[in-house]
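The data block below is input_3.txt; it holds compact mmCIF, C-alpha atoms and all ligand atoms.
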```
# COMPACT_ATOMS: atom_id res chain seq x y z
CA MET Z 1 33.91 56.77 30.09
CA ALA Z 2 37.65 56.66 29.66
CA VAL Z 3 37.73 52.91 30.49
CA LYS Z 4 35.04 52.13 27.84
CA LYS Z 5 37.06 53.97 25.16
CA ASN Z 6 40.14 51.86 25.95
CA VAL Z 7 38.17 48.61 25.57
CA LYS Z 8 36.88 49.72 22.19
CA ILE Z 9 40.37 50.52 20.97
CA LYS Z 10 41.64 47.17 22.22
CA LYS Z 11 38.83 45.34 20.40
CA GLN Z 12 39.60 47.17 17.18
CA ALA Z 13 43.27 46.33 17.53
CA ASN Z 14 42.37 42.62 17.93
CA LEU Z 15 40.18 42.70 14.84
CA GLU Z 16 43.02 44.13 12.78
CA VAL Z 17 45.33 41.23 13.74
CA VAL Z 18 42.91 38.49 12.56
CA LYS Z 19 43.20 38.19 8.79
CA PRO Z 20 40.56 36.32 6.77
CA ILE Z 21 41.64 33.03 5.20
CA LYS Z 22 42.68 33.51 1.57
CA THR Z 23 42.88 30.38 -0.60
CA LYS Z 24 42.97 29.51 -4.30
CA PRO Z 25 40.05 27.44 -5.68
CA TYR Z 26 42.34 24.39 -5.99
CA ASN Z 27 43.96 24.06 -2.54
CA ASP Z 28 43.59 24.91 1.15
CA ILE Z 29 46.83 26.88 1.51
CA ASP Z 30 46.05 30.11 3.36
CA LEU Z 31 47.94 32.72 1.38
CA ASN Z 32 47.53 35.21 4.24
CA ASN Z 33 49.71 32.86 6.28
CA TRP Z 34 51.96 31.63 3.46
CA LYS Z 35 55.07 31.72 5.64
CA LEU Z 36 53.66 28.84 7.72
CA TYR Z 37 53.91 26.42 4.77
CA GLU Z 38 57.66 25.81 4.84
CA ASN Z 39 57.04 22.09 4.18
CA VAL Z 40 55.49 22.77 0.76
CA LYS Z 41 58.06 22.56 -2.01
CA THR Z 42 57.97 25.29 -4.64
CA GLY Z 43 61.31 24.63 -6.34
CA THR Z 44 62.16 22.48 -9.35
CA TRP Z 45 64.64 20.19 -7.52
CA TRP Z 46 63.12 17.65 -5.13
CA GLU Z 47 65.11 15.43 -2.83
CA PHE Z 48 63.79 13.30 0.02
CA ASP Z 49 66.05 11.65 2.61
CA LYS Z 50 64.27 8.32 2.56
CA ARG Z 51 61.00 6.74 1.52
CA GLU Z 52 58.03 7.24 3.90
CA LYS Z 53 57.08 3.79 5.21
CA SER Z 54 54.51 4.69 7.88
CA ASN Z 55 50.84 5.77 7.70
CA GLY Z 56 49.84 2.74 5.60
CA HIS Z 57 52.72 3.01 3.11
CA SER Z 58 55.25 0.27 2.32
CA TYR Z 59 57.69 -0.53 -0.45
CA ASP Z 60 55.69 -3.56 -1.57
CA TYR Z 61 55.67 -2.98 -5.34
CA HIS Z 62 58.67 -2.56 -7.58
CA GLY Z 63 57.84 0.67 -9.40
CA ASN Z 64 55.69 2.43 -6.82
CA TYR Z 65 56.45 6.09 -6.26
CA ILE Z 66 57.56 7.47 -2.92
CA PRO Z 67 54.56 8.71 -0.89
CA GLN Z 68 56.12 12.13 -0.25
CA ILE Z 69 55.38 12.97 -3.91
CA ALA Z 70 51.66 12.46 -3.28
CA THR Z 71 51.82 14.45 0.00
CA GLN Z 72 53.39 17.41 -1.77
CA LEU Z 73 51.07 17.28 -4.79
CA PHE Z 74 47.86 16.90 -2.80
CA GLU Z 75 48.68 19.78 -0.46
CA ARG Z 76 49.54 22.04 -3.38
CA TYR Z 77 46.82 21.09 -5.86
CA THR Z 78 43.83 19.71 -3.93
CA LYS Z 79 41.37 20.72 -1.24
CA LYS Z 80 40.03 18.44 1.51
CA GLY Z 81 37.33 16.18 0.04
CA ASP Z 82 38.59 16.53 -3.55
CA VAL Z 83 38.75 13.46 -5.79
CA VAL Z 84 42.17 12.43 -7.08
CA LEU Z 85 42.11 10.27 -10.21
CA ASP Z 86 45.10 7.93 -10.63
CA LEU Z 87 45.05 6.05 -13.94
CA PHE Z 88 48.06 3.81 -13.11
CA PHE Z 89 47.12 2.87 -9.56
CA GLY Z 90 49.67 0.06 -8.97
CA SER Z 91 50.04 -0.54 -5.22
CA GLY Z 92 47.70 2.34 -4.40
CA THR Z 93 50.13 4.96 -3.02
CA SER Z 94 47.82 7.77 -4.20
CA GLY Z 95 44.80 6.16 -2.52
CA ILE Z 96 46.57 5.68 0.81
CA GLU Z 97 47.85 9.25 0.87
CA ALA Z 98 44.50 10.65 -0.29
CA LYS Z 99 42.87 8.90 2.68
CA ASN Z 100 45.60 10.14 5.07
CA MET Z 101 45.04 13.70 3.86
CA LYS Z 102 41.22 13.51 3.87
CA ARG Z 103 40.98 13.57 0.08
CA ARG Z 104 39.17 10.89 -1.95
CA CYS Z 105 40.56 8.81 -4.79
CA ILE Z 106 39.59 6.76 -7.83
CA GLY Z 107 42.34 4.41 -9.03
CA VAL Z 108 42.45 2.35 -12.21
CA GLU Z 109 44.83 -0.59 -12.52
CA LEU Z 110 45.15 -3.16 -15.29
CA LYS Z 111 46.29 -6.09 -13.16
CA GLN Z 112 43.44 -7.83 -11.32
CA GLU Z 113 45.85 -9.33 -8.77
CA MET Z 114 47.04 -5.82 -7.83
CA VAL Z 115 43.44 -4.61 -7.51
CA ASP Z 116 42.69 -7.54 -5.18
CA TYR Z 117 45.87 -6.94 -3.18
CA VAL Z 118 45.40 -3.15 -2.85
CA SER Z 119 41.72 -3.49 -1.94
CA LYS Z 120 42.82 -5.23 1.28
CA LYS Z 121 44.59 -2.02 2.33
CA PHE Z 122 41.20 -0.31 2.82
CA SER Z 123 38.09 -1.14 4.84
CA PRO Z 124 34.88 -2.06 2.93
CA LYS Z 125 33.39 1.32 3.87
CA GLU Z 126 36.49 3.21 2.71
CA LEU Z 127 36.31 1.38 -0.63
CA VAL Z 128 32.90 2.93 -1.27
CA VAL Z 129 33.26 6.36 0.29
CA ASP Z 130 36.95 7.30 0.01
CA VAL Z 131 38.92 5.10 -2.38
CA ASN Z 132 37.29 3.53 -5.41
CA ILE Z 133 39.42 0.96 -7.25
CA ILE Z 134 38.63 -0.10 -10.80
CA GLN Z 135 40.25 -2.95 -12.73
CA GLY Z 136 40.60 -1.91 -16.34
CA ASP Z 137 42.60 -0.50 -19.23
CA SER Z 138 42.89 3.24 -18.59
CA ALA Z 139 43.15 3.90 -22.33
CA SER Z 140 39.70 2.40 -22.97
CA SER Z 141 36.27 3.99 -23.21
CA ALA Z 142 34.98 1.21 -20.91
CA ALA Z 143 37.28 2.40 -18.09
CA LYS Z 144 36.27 6.01 -18.76
CA GLU Z 145 32.61 5.09 -18.40
CA LYS Z 146 33.26 3.22 -15.14
CA ILE Z 147 35.14 6.23 -13.74
CA GLN Z 148 32.22 8.50 -14.69
CA ASN Z 149 29.85 6.16 -12.83
CA ARG Z 150 32.06 6.14 -9.73
CA LEU Z 151 32.34 9.93 -9.85
CA GLU Z 152 28.56 10.14 -9.95
CA ILE Z 153 28.27 7.83 -6.91
CA MET Z 154 30.74 10.13 -5.13
CA GLY Z 155 28.57 13.14 -6.03
CA GLU Z 156 31.02 14.59 -8.56
CA LYS Z 157 30.90 15.36 -12.27
CA SER Z 158 34.68 15.27 -12.67
CA ALA Z 159 37.91 14.69 -10.75
CA GLN Z 160 39.80 17.57 -9.16
CA PHE Z 161 43.34 16.23 -9.66
CA LEU Z 162 44.90 13.75 -12.08
CA ILE Z 163 47.95 11.58 -11.44
CA LEU Z 164 49.71 9.74 -14.24
CA HIS Z 165 52.57 7.47 -13.20
CA PRO Z 166 52.85 5.18 -16.22
CA PRO Z 167 55.40 2.45 -16.78
CA TYR Z 168 58.60 4.02 -18.10
CA ASP Z 169 58.08 2.17 -21.39
CA ASP Z 170 59.57 -1.33 -20.93
CA ILE Z 171 62.04 -0.54 -18.09
CA ILE Z 172 59.92 -2.60 -15.64
CA LYS Z 173 57.60 -5.11 -17.29
CA PHE Z 174 54.39 -5.21 -15.28
CA SER Z 175 52.48 -7.86 -17.25
CA ASP Z 176 52.13 -9.66 -20.59
CA LYS Z 177 48.81 -7.99 -21.34
CA LYS Z 178 48.56 -6.25 -24.70
CA GLU Z 179 46.98 -3.18 -23.07
CA ASP Z 180 49.93 -2.83 -20.66
CA LEU Z 181 52.03 0.25 -21.45
CA SER Z 182 55.13 -1.66 -20.31
CA ASN Z 183 54.49 -4.31 -22.93
CA CYS Z 184 54.46 -2.26 -26.15
CA ALA Z 185 56.27 -3.55 -29.23
CA THR Z 186 57.82 -0.11 -29.85
CA THR Z 187 58.33 3.13 -27.95
CA GLU Z 188 56.06 4.89 -30.50
CA GLU Z 189 53.28 2.50 -29.49
CA PHE Z 190 54.00 3.36 -25.84
CA TYR Z 191 53.54 7.09 -26.65
CA ASP Z 192 50.27 6.36 -28.48
CA LEU Z 193 48.84 4.37 -25.57
CA PHE Z 194 50.06 6.98 -23.09
CA LYS Z 195 48.26 9.69 -25.07
CA LYS Z 196 45.01 7.69 -25.03
CA VAL Z 197 45.19 7.34 -21.24
CA ALA Z 198 46.05 11.03 -20.84
CA LYS Z 199 43.09 11.96 -23.09
CA ASN Z 200 40.72 10.05 -20.80
CA GLY Z 201 42.33 11.86 -17.86
CA TYR Z 202 41.92 15.23 -19.57
CA ASP Z 203 38.23 14.62 -20.27
CA LEU Z 204 37.56 13.51 -16.68
CA LEU Z 205 39.39 16.42 -15.03
CA GLU Z 206 37.59 19.55 -13.89
CA GLN Z 207 38.42 22.73 -15.85
CA ASN Z 208 41.29 24.78 -14.36
CA ARG Z 209 42.48 21.87 -12.21
CA PHE Z 210 45.93 20.28 -12.22
CA ALA Z 211 47.57 17.04 -13.35
CA ALA Z 212 50.92 15.48 -12.47
CA LEU Z 213 52.99 13.20 -14.69
CA ILE Z 214 55.69 11.19 -12.93
CA ILE Z 215 58.11 9.64 -15.38
CA GLY Z 216 61.76 8.81 -16.04
CA ASP Z 217 63.77 8.49 -19.24
CA LYS Z 218 65.60 5.44 -20.56
CA TYR Z 219 68.52 4.20 -22.61
CA ALA Z 220 68.01 1.82 -25.51
CA ASN Z 221 70.27 0.75 -28.35
CA SER Z 222 73.13 2.88 -26.99
CA ARG Z 223 71.12 6.10 -27.02
CA TYR Z 224 69.13 8.31 -24.64
CA ILE Z 225 65.33 8.26 -25.08
CA SER Z 226 63.50 11.28 -23.61
CA LEU Z 227 60.29 9.53 -22.52
CA GLY Z 228 59.51 12.44 -20.18
CA PHE Z 229 59.65 15.25 -22.71
CA GLU Z 230 57.93 13.14 -25.40
CA CYS Z 231 55.03 12.47 -23.00
CA GLN Z 232 54.99 16.15 -21.98
CA ARG Z 233 54.55 17.06 -25.65
CA ARG Z 234 51.59 14.70 -25.92
CA MET Z 235 50.01 16.23 -22.79
CA GLU Z 236 50.34 19.66 -24.42
CA GLU Z 237 48.80 18.36 -27.66
CA LEU Z 238 45.74 17.32 -25.64
CA GLY Z 239 45.33 20.86 -24.28
CA PHE Z 240 47.20 20.69 -20.98
CA VAL Z 241 49.39 23.68 -20.14
CA THR Z 242 52.76 22.84 -18.56
CA LYS Z 243 53.20 24.64 -15.22
CA ALA Z 244 56.41 23.02 -13.93
CA VAL Z 245 59.03 20.43 -14.72
CA ILE Z 246 60.49 19.16 -11.45
CA VAL Z 247 63.60 17.02 -11.30
CA LYS Z 248 63.47 14.52 -8.46
CA ASN Z 249 66.51 12.77 -7.07
CA ILE Z 250 65.86 9.01 -7.11
CA VAL Z 251 69.11 7.95 -5.43
CA GLY Z 252 68.24 5.85 -2.39
CA ASN Z 253 64.53 5.64 -3.33
CA GLU Z 254 65.01 2.53 -5.46
CA LYS Z 255 65.57 -1.11 -4.62
CA ALA Z 256 68.82 -3.05 -5.01
CA LYS Z 257 70.71 -0.48 -7.10
CA GLY Z 258 73.41 -0.37 -4.42
CA LYS Z 259 74.42 -3.97 -5.05
CA THR Z 260 74.95 -3.42 -8.77
CA ALA Z 261 76.37 0.12 -8.49
CA ASN Z 262 79.88 -0.92 -9.49
CA LEU Z 263 78.63 -2.78 -12.52
CA TRP Z 264 76.62 0.25 -13.68
CA ARG Z 265 79.60 2.51 -13.11
CA TYR Z 266 81.79 0.25 -15.23
CA ARG Z 267 79.14 0.13 -17.97
CA ALA Z 268 78.79 3.93 -17.89
CA LEU Z 269 82.54 4.46 -18.17
CA SER Z 270 82.85 2.02 -21.03
CA GLY Z 271 79.62 3.01 -22.86
CA GLY Z 272 79.86 6.82 -22.66
CA PHE Z 273 76.53 7.29 -20.89
CA ASN Z 274 75.58 8.50 -17.39
CA ILE Z 275 73.70 6.64 -14.67
CA PHE Z 276 70.15 7.85 -14.04
CA GLU Z 277 69.84 9.69 -10.74
CA HIS Z 278 66.61 11.53 -11.48
CA GLU Z 279 63.04 11.29 -12.70
CA TYR Z 280 60.54 14.03 -13.55
CA ILE Z 281 57.41 15.28 -11.89
CA MET Z 282 55.68 17.44 -14.47
CA ILE Z 283 52.79 19.65 -13.46
CA PHE Z 284 50.03 20.59 -15.91
CA GLN Z 285 46.85 22.59 -15.75
CA LYS Z 286 43.68 22.07 -17.75
CA THR Z 287 43.20 25.70 -18.62
CA LYS Z 288 43.09 28.09 -21.51
CA LEU Z 289 46.21 30.13 -22.26
CA LYS Z 290 45.66 33.88 -21.97
CA LYS Z 291 46.11 35.79 -25.24
CA VAL Z 292 48.00 39.07 -25.09
CA LYS Z 293 48.19 41.04 -28.34
CA ASN Z 294 47.67 37.85 -30.37
CA LYS Z 295 50.47 36.14 -28.54
CA GLU Z 296 49.89 33.23 -26.17
CA ILE Z 297 51.49 33.65 -22.77
C1 LIG H 1 54.74 2.77 -12.47
S1 LIG H 1 53.43 1.74 -11.94
C2 LIG H 1 52.46 2.79 -10.95
C3 LIG H 1 52.79 2.61 -9.50
C4 LIG H 1 51.91 3.42 -8.57
N1 LIG H 1 52.06 4.84 -8.74
C5 LIG H 1 52.26 3.07 -7.12
O1 LIG H 1 52.71 3.96 -6.37
O2 LIG H 1 52.12 1.90 -6.76
C6 LIG H 1 52.48 1.59 -13.41
C7 LIG H 1 51.23 0.71 -13.24
O3 LIG H 1 50.43 0.88 -14.41
C8 LIG H 1 49.77 -0.35 -14.68
N2 LIG H 1 49.31 -0.30 -16.08
C9 LIG H 1 50.01 -0.50 -17.22
N3 LIG H 1 49.23 -0.33 -18.30
C10 LIG H 1 48.00 0.03 -17.85
C11 LIG H 1 46.77 0.37 -18.49
N4 LIG H 1 46.62 0.35 -19.82
N5 LIG H 1 45.72 0.69 -17.70
C12 LIG H 1 45.83 0.70 -16.34
N6 LIG H 1 46.97 0.39 -15.69
C13 LIG H 1 48.05 0.06 -16.43
C14 LIG H 1 50.81 -1.40 -14.36
O4 LIG H 1 50.25 -2.65 -14.11
C15 LIG H 1 51.50 -0.79 -13.13
O5 LIG H 1 50.91 -1.27 -11.96
```
Please render this file's structure as structure tokens.
Amino acid sequence: MAVKKNVKIKKQANLEVVKPIKTKPYNDIDLNNWKLYENVKTGTWWEFDKREKSNGHSYDYHGNYIPQIATQLFERYTKKGDVVLDLFFGSGTSGIEAKNMKRRCIGVELKQEMVDYVSKKFSPKELVVDVNIIQGDSASSAAKEKIQNRLEIMGEKSAQFLILHPPYDDIIKFSDKKEDLSNCATTEEFYDLFKKVAKNGYDLLEQNRFAALIIGDKYANSRYISLGFECQRRMEELGFVTKAVIVKNIVGNEKAKGKTANLWRYRALSGGFNIFEHEYIMIFQKTKLKKVKNKEI
């Protein structure tokens, strides 16, 4: 009898040690084991030693973002199988990382030659099941309709995460097309087009899910232009709630700056401005603000 009692106690003790998995509806992070996720960044300053160039990634497109951004964002704001919508797909960094992390992706890119080039990075089966690539103008209703069709084929009504990595106005000119956000006559026009793309993204995103805007600022006519905060304001006007503004160190992530570093330093010293060493990763949620005593919090 005494032996049986001991076994029972031991079993109970084992049961107490095993905690159930506790996750939020928008990621797979087990909050009962939160200390295991040391790799997940929760601060507002991000720095990566060097660009990830394995697992399908390469620095083959001037203006592509470093893959570690996608890794961090997908772990934090998506679950396995979720659909990531990237409305400025470029060289397909989001699609490659989505596949690596067992997420799915729909990417829209204006330049047909980029769509053709990026499509070769995936197998024909992957292009149907995992990564859908659409050539189009992300600000248009035609692109929105195509995305809705692809979502339907993937068995979804809406996307579970939105990535916006637009041109930083005219800093890098991607094409001569009039729909290209890098080819706007004025910065105001850039903001207007950005807002149209973001509106499509908002409409296609599932309620309570997250969006990320990756953007840098610029100098023009001897003054600082806050592209990031202007675009953030437009995201808020559409109904997005800002959750975080992350500053990411870009030193060492970009091409060729080293060679012209002295020139930029001279220009900075003589022009009274500072050399850009950062860009922003802004996090938004499509959610309603809670009202407390008639005040929004
Ligand atoms: C900063 S790059 C994005 C790079 C991408 N995140 C990557 O990692 O390769 C911006 C991209 O947006 C595209 N683009 C510009 N205007 C667009 C529009 N109206 N609709 C869709 N894509 C557009 C450009 O051709 C360019 O490839």
Show me which residues sit within 6 Å of ligand LIG 1 (chain H) when counting all atoms listed in the file, and put them as an MDAnalysis selection string. chainID Z and resid 63:65 87:93 108:111 136:139 165:167 174 179:181
I'd like the contact shell of range 141-150 of chain Z - 10 Å cut-off, all atoms listed in the file, skipping same-chain residues fewer than 5 positions apart - returned as a PDB file with C-alpha atoms, in the frame of the given file.
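File produced: part-v4.pdb:
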```
ATOM      1  CA  LEU Z  85      42.110  10.270 -10.210  1.00  0.00           C
ATOM      2  CA  LEU Z  87      45.050   6.050 -13.940  1.00  0.00           C
ATOM      3  CA  ILE Z 106      39.590   6.760  -7.830  1.00  0.00           C
ATOM      4  CA  GLY Z 107      42.340   4.410  -9.030  1.00  0.00           C
ATOM      5  CA  VAL Z 108      42.450   2.350 -12.210  1.00  0.00           C
ATOM      6  CA  GLU Z 109      44.830  -0.590 -12.520  1.00  0.00           C
ATOM      7  CA  VAL Z 128      32.900   2.930  -1.270  1.00  0.00           C
ATOM      8  CA  ASN Z 132      37.290   3.530  -5.410  1.00  0.00           C
ATOM      9  CA  ILE Z 133      39.420   0.960  -7.250  1.00  0.00           C
ATOM     10  CA  ILE Z 134      38.630  -0.100 -10.800  1.00  0.00           C
ATOM     11  CA  GLN Z 135      40.250  -2.950 -12.730  1.00  0.00           C
ATOM     12  CA  GLY Z 136      40.600  -1.910 -16.340  1.00  0.00           C
ATOM     13  CA  GLY Z 155      28.570  13.140  -6.030  1.00  0.00           C
ATOM     14  CA  GLU Z 156      31.020  14.590  -8.560  1.00  0.00           C
ATOM     15  CA  LYS Z 157      30.900  15.360 -12.270  1.00  0.00           C
ATOM     16  CA  SER Z 158      34.680  15.270 -12.670  1.00  0.00           C
ATOM     17  CA  ALA Z 159      37.910  14.690 -10.750  1.00  0.00           C
ATOM     18  CA  LYS Z 196      45.010   7.690 -25.030  1.00  0.00           C
ATOM     19  CA  VAL Z 197      45.190   7.340 -21.240  1.00  0.00           C
ATOM     20  CA  ASN Z 200      40.720  10.050 -20.800  1.00  0.00           C
ATOM     21  CA  GLY Z 201      42.330  11.860 -17.860  1.00  0.00           C
ATOM     22  CA  ASP Z 203      38.230  14.620 -20.270  1.00  0.00           C
ATOM     23  CA  LEU Z 204      37.560  13.510 -16.680  1.00  0.00           C
TER      24      LEU Z 204
END
```
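Distance-wise, CA of His278 in chain Z and CA of Gly95 in chain Z end up 24.2 Å apart.
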Calculate how many Å separate CA of Lys173 in chain Z from CA of Arg233 in chain Z, rounding to one decimal. 23.9 Å
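Residue nearest Lys41 in chain Z, chosen from Z:Met235, Z:Ala268, Z:Leu213, Z:Ile246 and counting all atoms listed in the file: Z:Ile246.
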